Amino acid sequence: MKPLLIGAVAYTPNVVTIWEGIRDYFADTDTPMDFILFSNYGRQVDALIDGTIDIAWNTNLAWVRTVAQTEGHCVALATRDTDTVFQTMFVARAGAGMKDLESLRGRRLALGSKDSAQAAILPVHFLAEAGLADGDVDLLRINSDVGKHGDTGRSELDALRAVLDDQADAAAIGINTWEAIGRDQLMPGAFEVFWQSPTYSHCNFTALDTLTDERVQPWVDRLLAMDWENPVHRPILEMEGLTQWVLPKLEGYKSLFEAVETQGITPRW
Amino acid sequence: MVNAMLVLDLVERAKTVPTGATFTVALSGNEADLTAATATITGWCERTGNELVSATAHEATVRHGRAPDPLAGIDPDQLPGTRLWMYTNFDCNLACDYCCVRSSPQTERRALGVDRVAQLAAEAVEAGVKELILTGGEPFLLPDIDEVVAACATHLPTTLLTNGMLFQGHRLERLRAMDPERVTLQISLDSGTPEVHDSHRGKRSWQRAVNGIRIAHEEGFRVKVAATLPAEQIHELEPFHVFLDSIGIAREDQVIRALAHRGVSESGLELTVETLIPEVTITAEGVYWHPVAADHDDQLVTRQIFPLKNAIDQVRAEFIEYRMRADAAAAWFPCA
């Protein structure tokens, strides 16, 4: 059978190892696959829509943009367990007296790359939901990895550096970055979380609805069967940051759809 | 707040290299600063599944993820410490021209002795050893070889290497005192006809070894045959295998090993600790990397035989270091 072509964005050298591992996992099955790496999500979504690839490993913003560009003729196939409970953390220097989003009024908030849902788009959305309009908070945007939708995490680290350097009073970062720095336990007295968002959905495998169930369902079934307890599967799962592939939680994208609309974020690129 | 910046640097740098590769972060400050920085890096590594490789006054080297298990690709039977070799003695009734440990009738005995063998066998069980192998010299020259073997076989399956030439009189009685259910004999035989074997081991040695195999079989022992051959002859073995079949040696018990350039041998494979999977070997002088070099200082691991577990751990640790170094060299010269 012709392999399914999966697209992914190369945001770290580990991407090659991860996808070669996943490709090997599907080898010798009825649903072989290969992968193509892109340098940014815009190019990847274009490739999905023009049929160059069958499935895209998309961020939440890339999913929203695919829905917009295809007028909904696309499906989310699977996701990481960690993608269904993603959060944005608002952090400040410990002892800064921040209590909630209202505490940011008149203060400086460092945001990550402008196309990062977790570190830019959704934080602004959460501010608006809290009654903080444009100009109520002084936003410091750090666009250090545009195109990769914040995947590198670099812009979020730069936002934290801005807080340490007193260029900002707080930073909005993804929970994955908060975990990566050891939460507030490795750097006592450095950072504390003063507000954390409701959970929302992040990445998913996206296909156009023209991809037949016959082609895609066996692949999804096989993906969901990857087992954390299997020593061959586990390194791949660890590197990709999950313990189990699961079915997507579509209601978890609602906040991002709203944010993209209200902030006037373009549906393409 | 230096350490907070350090953690951010660690996170950022880790994402730039693939899992298994290393990266560095700069360090500076006085001794207290460096101590604090090292503690921060250690804590971050423990929490995030990375590994602090080294730290100097100027930089820390960190591995992204854990180093791959250097023993992962090794057959479980070859893992260092699975078998324990013991040189019961070094004197021999033969003076083979390729003996890797220079044994001969003139060689000093240098026996381990039954007490140390018994202690080693007992500690071997605790250390996870699965099989004991006794060799020499010629073990049947020892007047208490039956006690030595019994001290081992009580604890673990035991293989006794011999030239098989001495199974008569009181030495035959010592053989009969051994438990064929727990003891395997491995007898040296280099060819299917006398010429090659006798040219290395002495006149009539082939016939006496073949007789020894027959006697061992009659006494109920499983017999393995081990041949030592120059590497260039190892592809011409079928007639030899056919002969061994005819005297009742199972194919899986027909062991062919390449001649090593060790001891009195003037040619053969060059075997070093860097190129040899270790077989922990104990002699009266100490712990050696491999039985093929059991009287060569370049493969002496330690003079401290006891506790055995420490000796095995040391061999294993050195082996891991060699393999990691080799892996690093392979990674460093991908196109060479």
# chains A, B, ... in the order shown; residues from 1 in each chain; ligands from 1
$ residues_around --residues "A:Asp184" --least-positions-apart "3" --cutoff "12 Å" --atoms "only C-alpha atoms" --output "compact mmCIF listing (two decimals) with N, CA, C and O atoms, in the first residue's frame"
# COMPACT_ATOMS: atom_id res chain seq x y z
N MET A 89 0.44 29.77 31.50
CA MET A 89 0.75 30.19 32.86
C MET A 89 1.22 31.65 32.82
O MET A 89 2.09 32.01 32.02
N VAL A 91 3.29 34.22 34.79
CA VAL A 91 4.27 34.17 35.88
C VAL A 91 4.88 35.54 36.10
O VAL A 91 4.99 36.36 35.17
N ALA A 92 5.28 35.76 37.34
CA ALA A 92 5.95 37.01 37.69
C ALA A 92 7.07 36.69 38.67
O ALA A 92 7.20 35.53 39.11
N ARG A 93 7.89 37.67 38.96
CA ARG A 93 8.91 37.46 39.99
C ARG A 93 8.20 37.15 41.30
O ARG A 93 7.18 37.75 41.65
N ALA A 94 8.76 36.19 42.04
CA ALA A 94 8.17 35.85 43.32
C ALA A 94 8.13 37.09 44.22
O ALA A 94 9.09 37.86 44.27
N THR A 177 6.70 24.89 29.02
CA THR A 177 7.90 25.66 29.38
C THR A 177 8.01 25.78 30.90
O THR A 177 9.11 25.70 31.47
N TRP A 178 6.87 25.96 31.55
CA TRP A 178 6.88 26.04 33.02
C TRP A 178 7.43 24.74 33.63
O TRP A 178 8.23 24.76 34.57
N GLU A 179 7.03 23.62 33.03
CA GLU A 179 7.56 22.32 33.50
C GLU A 179 9.06 22.23 33.19
O GLU A 179 9.84 21.72 34.00
N ALA A 180 9.45 22.69 32.01
CA ALA A 180 10.85 22.56 31.59
C ALA A 180 11.80 23.31 32.51
O ALA A 180 12.95 22.90 32.71
N ILE A 181 11.33 24.43 33.06
CA ILE A 181 12.22 25.18 33.95
C ILE A 181 12.09 24.69 35.40
O ILE A 181 12.68 25.27 36.32
N MET A 187 14.17 27.20 41.03
CA MET A 187 14.68 28.55 41.18
C MET A 187 13.89 29.27 42.26
O MET A 187 13.10 30.18 41.98
N PRO A 188 14.07 28.86 43.50
CA PRO A 188 13.29 29.48 44.57
C PRO A 188 13.50 30.99 44.56
O PRO A 188 14.63 31.47 44.43
N GLY A 189 12.42 31.71 44.65
CA GLY A 189 12.54 33.16 44.68
C GLY A 189 12.60 33.80 43.32
O GLY A 189 12.68 35.02 43.21
N ALA A 190 12.58 33.01 42.26
CA ALA A 190 12.67 33.59 40.93
C ALA A 190 11.28 33.88 40.36
O ALA A 190 10.94 35.04 40.12
N PHE A 191 10.50 32.83 40.16
CA PHE A 191 9.18 33.02 39.53
C PHE A 191 8.08 32.38 40.37
O PHE A 191 8.31 31.41 41.09
N GLU A 192 6.89 32.93 40.18
CA GLU A 192 5.71 32.26 40.71
C GLU A 192 4.55 32.47 39.73
O GLU A 192 4.51 33.46 39.00
N VAL A 193 3.68 31.49 39.70
CA VAL A 193 2.50 31.59 38.84
C VAL A 193 1.44 32.38 39.60
O VAL A 193 1.11 32.04 40.74
N PHE A 194 0.90 33.42 38.97
CA PHE A 194 -0.18 34.16 39.65
C PHE A 194 -1.53 33.93 38.98
O PHE A 194 -2.56 34.31 39.51
N ALA B 4 18.70 31.43 38.02
CA ALA B 4 17.47 31.46 37.23
C ALA B 4 17.80 31.60 35.75
O ALA B 4 17.25 30.90 34.90
N VAL B 7 19.06 28.30 34.39
CA VAL B 7 18.02 27.31 34.04
C VAL B 7 17.42 27.63 32.68
O VAL B 7 17.19 26.74 31.86
N TRP B 44 18.13 20.48 37.99
CA TRP B 44 17.37 20.57 36.73
C TRP B 44 17.47 19.26 35.96
O TRP B 44 16.47 18.77 35.43
$ interface_residues --of "chain B" --to "chain A" --cutoff "6 Å" --atoms "only C-alpha atoms" --output "MDAnalysis selection string"
chainID B and resid 4 15 17:18
$ select_by_dssp --residues "stretch 6-122 of chain A" --states "strand (DSSP E)" --output "PyMOL selection string"
chain A and resi 6-9+33-38+55-58+74-80+88-93+108-111
$ residues_around --residues "stretch 223-226 of chain A" --least-positions-apart "4" --cutoff "10 Å" --atoms "only C-alpha atoms" --output "number ranges by chain"
A: 22, 25-26, 78-80, 217-219, 230, 232-234, 236-237, 243-247
$ select_by_dssp --residues "stretch 31-187 of chain A" --states "alpha helix (DSSP H)" --output "ChimeraX atom specification"
/A:41-49,60-70,122-129,154-164,175-180
$ atom_distance --atom1 "atom CA of B:Val148" --atom2 "atom CA of B:Leu120"
11.0 Å
$ closest_atom_pairs --of "stretch 235-321 of chain B" --to "stretch 81-87 of chain B" --cutoff "12 Å" --atoms "only C-alpha atoms" --output "tab-separated table"
residue	atom	partner	partner_atom	distance
B:Ile277	CA	B:Gly81	CA	10.8
B:Pro278	CA	B:Gly81	CA	8.4
B:Glu279	CA	B:Arg83	CA	6.8
B:Val280	CA	B:Leu84	CA	5.5
B:Thr281	CA	B:Trp85	CA	4.5
B:Ile282	CA	B:Met86	CA	4.7
B:Thr283	CA	B:Tyr87	CA	5.0
B:Ala284	CA	B:Tyr87	CA	7.5
B:Glu285	CA	B:Tyr87	CA	9.9
B:Gly286	CA	B:Tyr87	CA	10.2
B:Val287	CA	B:Met86	CA	9.3
B:Tyr288	CA	B:Trp85	CA	9.4
B:Trp289	CA	B:Trp85	CA	10.1
B:His290	CA	B:Trp85	CA	8.3
B:Pro291	CA	B:Trp85	CA	6.9
B:Val292	CA	B:Trp85	CA	10.6
B:Ala293	CA	B:Tyr87	CA	11.3
B:Ala294	CA	B:Tyr87	CA	8.1
B:Asp295	CA	B:Tyr87	CA	10.1
B:Ile305	CA	B:Met86	CA	11.0
B:Leu308	CA	B:Leu84	CA	9.8
B:Lys309	CA	B:Gly81	CA	8.8
B:Asn310	CA	B:Gly81	CA	10.9
B:Ala311	CA	B:Gly81	CA	9.3
B:Ile312	CA	B:Gly81	CA	5.8
B:Asp313	CA	B:Gly81	CA	8.2
B:Gln314	CA	B:Gly81	CA	10.3
B:Val315	CA	B:Gly81	CA	8.3
B:Arg316	CA	B:Gly81	CA	7.6
B:Ala317	CA	B:Gly81	CA	11.3
B:Phe319	CA	B:Gly81	CA	11.2
$ write_last_selection --atoms "N, CA and C atoms" --output "compact mmCIF listing (two decimals), in the first residue's frame"
# COMPACT_ATOMS: atom_id res chain seq x y z
N ILE B 277 35.22 -7.82 24.71
CA ILE B 277 34.16 -7.84 25.72
C ILE B 277 34.70 -8.63 26.92
N PRO B 278 34.67 -8.04 28.10
CA PRO B 278 35.34 -8.70 29.22
C PRO B 278 34.63 -9.97 29.69
N GLU B 279 35.45 -10.89 30.16
CA GLU B 279 34.97 -12.08 30.87
C GLU B 279 35.74 -12.03 32.20
N VAL B 280 35.04 -11.68 33.25
CA VAL B 280 35.73 -11.44 34.52
C VAL B 280 36.51 -12.70 34.92
N THR B 281 37.80 -12.50 35.17
CA THR B 281 38.71 -13.62 35.37
C THR B 281 39.54 -13.41 36.63
N ILE B 282 39.54 -14.42 37.49
CA ILE B 282 40.27 -14.32 38.76
C ILE B 282 41.45 -15.26 38.73
N THR B 283 42.60 -14.74 39.09
CA THR B 283 43.78 -15.58 39.29
C THR B 283 44.31 -15.32 40.70
N ALA B 284 45.34 -16.05 41.05
CA ALA B 284 45.94 -15.83 42.37
C ALA B 284 46.50 -14.42 42.50
N GLU B 285 46.75 -13.77 41.35
CA GLU B 285 47.36 -12.43 41.38
C GLU B 285 46.33 -11.31 41.40
N GLY B 286 45.10 -11.61 40.98
CA GLY B 286 44.12 -10.54 40.95
C GLY B 286 43.00 -10.79 39.95
N VAL B 287 42.36 -9.68 39.60
CA VAL B 287 41.20 -9.74 38.69
C VAL B 287 41.66 -9.25 37.32
N TYR B 288 41.36 -10.05 36.30
CA TYR B 288 41.77 -9.71 34.93
C TYR B 288 40.55 -9.50 34.06
N TRP B 289 40.80 -8.78 32.97
CA TRP B 289 39.73 -8.42 32.03
C TRP B 289 39.17 -9.66 31.33
N HIS B 290 40.06 -10.58 30.97
CA HIS B 290 39.65 -11.69 30.12
C HIS B 290 40.62 -12.85 30.34
N PRO B 291 40.14 -14.08 30.26
CA PRO B 291 41.05 -15.22 30.49
C PRO B 291 42.19 -15.31 29.49
N VAL B 292 42.01 -14.70 28.32
CA VAL B 292 43.06 -14.81 27.32
C VAL B 292 44.30 -14.01 27.71
N ALA B 293 44.16 -13.13 28.68
CA ALA B 293 45.31 -12.30 29.08
C ALA B 293 45.48 -12.32 30.60
N ALA B 294 45.30 -13.49 31.17
CA ALA B 294 45.23 -13.57 32.63
C ALA B 294 46.59 -13.52 33.32
N ASP B 295 47.67 -13.38 32.57
CA ASP B 295 48.93 -13.06 33.26
C ASP B 295 49.62 -11.89 32.56
N ILE B 305 40.74 -9.09 44.95
CA ILE B 305 39.78 -10.10 44.48
C ILE B 305 38.45 -9.96 45.21
N LEU B 308 33.98 -9.84 45.58
CA LEU B 308 33.88 -10.12 44.15
C LEU B 308 32.97 -9.12 43.44
N LYS B 309 31.90 -8.72 44.10
CA LYS B 309 30.95 -7.81 43.44
C LYS B 309 31.65 -6.51 43.04
N ASN B 310 32.53 -6.02 43.90
CA ASN B 310 33.25 -4.78 43.56
C ASN B 310 34.11 -4.98 42.31
N ALA B 311 34.74 -6.16 42.24
CA ALA B 311 35.59 -6.44 41.08
C ALA B 311 34.75 -6.47 39.80
N ILE B 312 33.61 -7.14 39.88
CA ILE B 312 32.72 -7.22 38.70
C ILE B 312 32.22 -5.83 38.33
N ASP B 313 31.84 -5.06 39.35
CA ASP B 313 31.36 -3.70 39.09
C ASP B 313 32.43 -2.86 38.40
N GLN B 314 33.68 -3.05 38.84
CA GLN B 314 34.77 -2.28 38.26
C GLN B 314 34.98 -2.66 36.79
N VAL B 315 34.95 -3.95 36.52
CA VAL B 315 35.10 -4.39 35.12
C VAL B 315 33.96 -3.83 34.27
N ARG B 316 32.76 -3.91 34.80
CA ARG B 316 31.60 -3.44 34.05
C ARG B 316 31.70 -1.93 33.80
N ALA B 317 32.11 -1.20 34.83
CA ALA B 317 32.22 0.26 34.68
C ALA B 317 33.27 0.62 33.64
N PHE B 319 34.25 -1.25 31.19
CA PHE B 319 33.73 -1.67 29.89
C PHE B 319 32.78 -0.62 29.33
$ residues_around --residues "B:Leu229" --least-positions-apart "5" --cutoff "10 Å" --atoms "only C-alpha atoms" --output "MDAnalysis selection string"
chainID B and resid 98 190:191 196:197 234 237 256:260 268
$ write_last_selection --atoms "N, CA, C and O atoms" --output "CSV table (one decimal), in the first residue's frame"
chain,number,residue,atom,x,y,z
B,98,TYR,N,51.3,-22.0,21.7
B,98,TYR,CA,50.5,-20.8,21.6
B,98,TYR,C,49.8,-20.5,22.9
B,98,TYR,O,48.9,-19.7,22.9
B,190,ASP,N,42.5,-29.7,18.8
B,190,ASP,CA,42.6,-28.7,17.8
B,190,ASP,C,42.4,-29.2,16.4
B,190,ASP,O,42.3,-28.4,15.4
B,191,SER,N,42.2,-30.5,16.2
B,191,SER,CA,42.1,-31.0,14.9
B,191,SER,C,41.5,-32.4,14.9
B,191,SER,O,41.4,-33.1,15.9
B,196,VAL,N,48.1,-31.7,13.3
B,196,VAL,CA,48.0,-30.3,13.7
B,196,VAL,C,48.0,-30.2,15.2
B,196,VAL,O,48.8,-29.4,15.8
B,197,HIS,N,47.2,-30.9,15.9
B,197,HIS,CA,47.1,-30.8,17.4
B,197,HIS,C,48.5,-31.1,18.0
B,197,HIS,O,49.0,-30.3,18.8
B,234,ILE,N,40.0,-21.0,10.2
B,234,ILE,CA,38.7,-21.2,10.8
B,234,ILE,C,37.6,-21.5,9.8
B,234,ILE,O,36.6,-22.0,10.1
B,237,LEU,N,36.6,-26.0,8.6
B,237,LEU,CA,36.3,-26.7,9.8
B,237,LEU,C,35.4,-28.0,9.6
B,237,LEU,O,35.3,-28.8,10.5
B,256,ILE,N,35.0,-23.3,18.6
B,256,ILE,CA,36.2,-23.0,17.9
B,256,ILE,C,36.6,-21.5,18.2
B,256,ILE,O,35.8,-20.6,18.2
B,257,ARG,N,37.8,-21.3,18.6
B,257,ARG,CA,38.3,-20.0,19.0
B,257,ARG,C,39.5,-19.6,18.2
B,257,ARG,O,40.4,-20.5,17.9
B,258,ALA,N,39.6,-18.4,17.9
B,258,ALA,CA,40.8,-17.9,17.1
B,258,ALA,C,42.0,-17.8,18.0
B,258,ALA,O,41.9,-17.4,19.2
B,259,LEU,N,43.1,-18.1,17.4
B,259,LEU,CA,44.4,-17.9,18.2
B,259,LEU,C,44.6,-16.5,18.5
B,259,LEU,O,44.4,-15.6,17.7
B,260,ALA,N,45.0,-16.3,19.8
B,260,ALA,CA,45.3,-14.9,20.2
B,260,ALA,C,46.8,-14.6,20.3
B,260,ALA,O,47.6,-15.6,20.6
B,268,GLY,N,48.6,-14.3,15.9
B,268,GLY,CA,47.2,-14.4,16.3
B,268,GLY,C,46.5,-13.0,16.4
B,268,GLY,O,47.2,-12.0,16.2
$ residues_around --residues "B:Arg102" --least-positions-apart "4" --cutoff "12 Å" --atoms "only C-alpha atoms" --output "ChimeraX atom specification"
/B:89-92,94-98,106-109,136-138,261-266,292-296
$ atom_distance --atom1 "atom CA of A:Asp24" --atom2 "atom CA of A:Asp46"
26.2 Å
$ residues_around --residues "B:Leu189" --least-positions-apart "4" --cutoff "7 Å" --atoms "only C-alpha atoms" --output "PDB file with N, CA, C and O atoms, in the first residue's frame"
ATOM      1  N   HIS B 197      47.188 -30.921  15.896  1.00  0.00           N
ATOM      2  CA  HIS B 197      47.111 -30.840  17.360  1.00  0.00           C
ATOM      3  C   HIS B 197      48.482 -31.126  17.982  1.00  0.00           C
ATOM      4  O   HIS B 197      48.977 -30.344  18.815  1.00  0.00           O
ATOM      5  N   TRP B 206      47.254 -35.625  21.012  1.00  0.00           N
ATOM      6  CA  TRP B 206      45.923 -35.724  20.382  1.00  0.00           C
ATOM      7  C   TRP B 206      45.240 -37.018  20.812  1.00  0.00           C
ATOM      8  O   TRP B 206      44.083 -37.010  21.232  1.00  0.00           O
ATOM      9  N   ALA B 209      44.127 -36.944  24.350  1.00  0.00           N
ATOM     10  CA  ALA B 209      42.959 -36.066  24.545  1.00  0.00           C
ATOM     11  C   ALA B 209      41.684 -36.773  24.079  1.00  0.00           C
ATOM     12  O   ALA B 209      40.640 -36.701  24.753  1.00  0.00           O
ATOM     13  N   VAL B 225      34.204 -29.559  23.367  1.00  0.00           N
ATOM     14  CA  VAL B 225      35.558 -29.570  22.830  1.00  0.00           C
ATOM     15  C   VAL B 225      35.881 -28.161  22.349  1.00  0.00           C
ATOM     16  O   VAL B 225      35.079 -27.545  21.647  1.00  0.00           O
ATOM     17  N   ALA B 226      37.031 -27.682  22.758  1.00  0.00           N
ATOM     18  CA  ALA B 226      37.461 -26.345  22.337  1.00  0.00           C
ATOM     19  C   ALA B 226      38.724 -26.463  21.516  1.00  0.00           C
ATOM     20  O   ALA B 226      39.704 -27.089  21.942  1.00  0.00           O
ATOM     21  N   ALA B 227      38.682 -25.888  20.318  1.00  0.00           N
ATOM     22  CA  ALA B 227      39.858 -25.883  19.446  1.00  0.00           C
ATOM     23  C   ALA B 227      40.391 -24.468  19.334  1.00  0.00           C
ATOM     24  O   ALA B 227      39.627 -23.501  19.263  1.00  0.00           O
TER      25      ALA B 227
END
$ closest_residue --among "A:Arg222, A:Lys148, A:His125, A:His202" --to "A:Gly42" --atoms "only C-alpha atoms"
A:Lys148
$ residues_around --residues "B:Arg214" --least-positions-apart "3" --cutoff "12 Å" --atoms "only C-alpha atoms" --output "JSON, numbers by chain"
{"B": [164, 165, 167, 185, 187, 207, 208, 209, 210, 211, 217, 218, 219, 220, 221, 222, 223, 224, 225, 244, 246, 247, 248, 249]}
